[in-house]
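Source file: start_10.cif; contents: mmCIF, C-alpha atoms.
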data_work
#
loop_
_atom_site.label_atom_id
_atom_site.label_comp_id
_atom_site.auth_asym_id
_atom_site.auth_seq_id
_atom_site.Cartn_x
_atom_site.Cartn_y
_atom_site.Cartn_z
CA MET A 1212 0.00 0.00 0.00
CA ARG A 1213 1.32 3.38 -0.99
CA ILE A 1214 0.69 6.46 1.16
CA PRO A 1215 -0.18 9.62 -0.82
CA ALA A 1216 2.42 12.41 -0.72
CA SER A 1217 -0.08 14.81 0.86
CA SER A 1218 -0.57 12.38 3.75
CA LEU A 1219 3.18 12.06 4.22
CA ASP A 1220 3.50 15.85 4.32
CA THR A 1221 0.78 16.01 6.96
CA LEU A 1222 2.46 13.31 9.04
CA GLN A 1223 5.81 15.10 8.85
CA ARG A 1224 4.25 18.42 9.93
CA MET A 1225 2.49 16.69 12.82
CA ARG A 1226 5.70 14.97 13.88
CA ARG A 1227 7.64 18.27 13.83
CA LYS A 1228 4.92 19.99 15.87
CA ASP A 1229 4.78 17.10 18.33
CA GLN A 1230 8.57 17.08 18.69
CA ALA A 1231 8.61 20.81 19.38
CA ARG A 1232 5.91 20.35 22.01
CA ARG A 1233 7.80 17.46 23.62
CA ARG A 1234 11.05 19.45 23.68
CA ALA A 1235 9.24 22.36 25.34
CA GLN A 1236 7.77 19.95 27.89
CA LEU A 1237 11.22 18.54 28.67
CA ALA A 1238 12.71 22.03 28.99
CA ALA A 1239 9.95 23.06 31.39
CA ALA A 1240 10.45 19.95 33.53
CA THR A 1241 14.20 20.54 33.57
CA ARG A 1242 13.74 24.18 34.55
CA GLU A 1243 11.49 23.17 37.46
CA LEU A 1244 13.96 20.56 38.68
CA LEU A 1245 16.87 22.99 38.44
CA LEU A 1246 14.96 25.52 40.52
CA GLU A 1247 14.04 22.89 43.10
CA HIS A 1248 17.29 20.92 43.37
CA GLY A 1249 20.04 22.68 41.45
CA ALA A 1250 22.18 21.30 38.63
CA LEU A 1251 24.42 18.95 40.57
CA GLY A 1252 21.76 16.35 41.29
CA LEU A 1253 19.93 16.62 37.98
CA ARG A 1254 19.25 13.18 36.48
CA VAL A 1255 17.63 12.09 33.24
CA LYS A 1256 15.47 9.78 35.34
CA ASP A 1257 14.04 12.75 37.25
CA ILE A 1258 13.37 14.75 34.08
CA ALA A 1259 11.59 11.73 32.61
CA ALA A 1260 9.47 11.24 35.73
CA ARG A 1261 8.51 14.93 35.83
CA SER A 1262 7.59 14.80 32.13
CA GLY A 1263 5.68 11.53 32.38
CA ILE A 1264 7.86 9.72 29.84
CA SER A 1265 10.68 7.16 29.94
CA SER A 1266 14.34 8.01 30.35
CA SER A 1267 15.02 6.61 26.90
CA ALA A 1268 12.46 9.03 25.44
CA VAL A 1269 14.29 11.96 27.07
CA LEU A 1270 17.51 10.70 25.49
CA TYR A 1271 15.77 10.38 22.13
CA TYR A 1272 15.10 14.13 22.13
CA TYR A 1273 18.32 15.09 23.92
CA PRO A 1274 21.04 12.43 23.57
CA ASP A 1275 23.35 14.76 25.48
CA LEU A 1276 21.91 16.24 28.68
CA ASP A 1277 24.12 19.31 28.15
CA ASP A 1278 22.04 20.20 25.08
CA LEU A 1279 18.88 20.23 27.18
CA LEU A 1280 20.57 22.37 29.83
CA LEU A 1281 21.79 24.73 27.12
CA GLU A 1282 18.24 25.09 25.79
CA VAL A 1283 16.92 25.85 29.28
CA THR A 1284 19.72 28.41 29.77
CA ARG A 1285 19.00 30.09 26.44
CA ASP A 1286 15.32 30.33 27.31
CA ALA A 1287 16.14 31.87 30.70
CA MET A 1288 18.49 34.40 29.10
CA SER A 1289 15.85 35.30 26.54
CA ARG A 1290 13.21 35.86 29.23
CA TYR A 1291 15.69 37.97 31.21
CA GLY A 1292 16.48 40.08 28.14
CA GLU A 1293 12.80 40.61 27.41
CA ARG A 1294 12.10 41.72 30.99
CA ARG A 1295 15.05 44.13 30.87
CA ALA A 1296 13.87 45.56 27.54
CA ASP A 1297 10.36 46.02 28.95
CA ALA A 1298 11.78 47.80 31.99
CA ILE A 1299 13.89 50.11 29.82
CA ARG A 1300 10.93 50.97 27.60
CA GLY A 1301 9.11 52.11 30.72
CA ILE A 1302 11.77 54.74 31.52
CA ALA A 1303 10.87 58.21 30.25
CA ASP A 1304 14.40 59.61 29.85
#
When written as structure tokens, how does the structure in this file appear?
Amino acid sequence: MRIPASSLDTLQRMRRKDQARRRAQLAAATRELLLEHGALGLRVKDIAARSGISSSAVLYYYPDLDDLLLEVTRDAMSRYGERRADAIRGIAD
């Protein structure tokens, strides 16, 4: 059985969207754990439990835990920059 090209395109778009959602979920769980326990005790097992998935699924999206930590750090820096920019816009002179 051959799958039509339009169906394959739809599946690929759904997969990309789902992967982005899963990565955001993992980053949020990691951020929470970092705030609660710090970086020294951070384990893939804990991220998986917080996200409701298996450890192997975490490693599927982030084979290197440093990449996940880097994403969380980038997100934090971006939020910080946005808050600073908002604060500066509020200054009259």
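Interatomic distance, atom CA of A:Asp1257 against atom CA of A:Asp1275: 15.1 Å.
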Hits from the PyMOL selection byres ((chain A and resi 1237-1248) around 9), listed as a list in words |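 Written out, the selection comes to Arg1232, Arg1233, Arg1234, Ala1235, Gln1236, Gly1249, Ala1250, Leu1251, Gly1252, Leu1253, Asp1257, Ile1258, Ala1259, Arg1261, Ser1262, Val1269, Tyr1272, Leu1279, Leu1280, Glu1282, Val1283, Thr1284, Asp1286 and Ala1287 of chain A.
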Would you kindly return, as a ChimeraX atom specification, each protein, DNA or RNA residue with an atom no farther than 8 Å from any atom of A:Lys1256, considering all atoms listed in the file and excluding same-chain residues fewer than 3 positions away?
-> /A:1259-1260,1265-1266
Could you write out that same residue set with C-alpha atoms as a short mmCIF file (atom, residue, chain, number, x, y, z; two decimals), in the coordinates of the input?
data_model
loop_
_atom_site.label_atom_id
_atom_site.label_comp_id
_atom_site.auth_asym_id
_atom_site.auth_seq_id
_atom_site.Cartn_x
_atom_site.Cartn_y
_atom_site.Cartn_z
CA ALA A 1259 11.59 11.73 32.61
CA ALA A 1260 9.47 11.24 35.73
CA SER A 1265 10.68 7.16 29.94
CA SER A 1266 14.34 8.01 30.35
#
Padding of 4 Å on every side, edges along x, y and z, all listed atoms of stretch 1290-1302 of chain A included: what centre and edge lengths in Å, to one decimal, does that box have, as lines of an AutoDock Vina configuration file?
center_x = 12.8
center_y = 45.3
center_z = 29.7
size_x = 15.4
size_y = 26.9
size_z = 12.6
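For the pair atom CA of A:Leu1281 and atom CA of A:Ala1296, the separation is 22.3 Å.
Picture a line from atom CA of A:Ala1231 to atom CA of A:Asp1277; it runs 17.9 Å.
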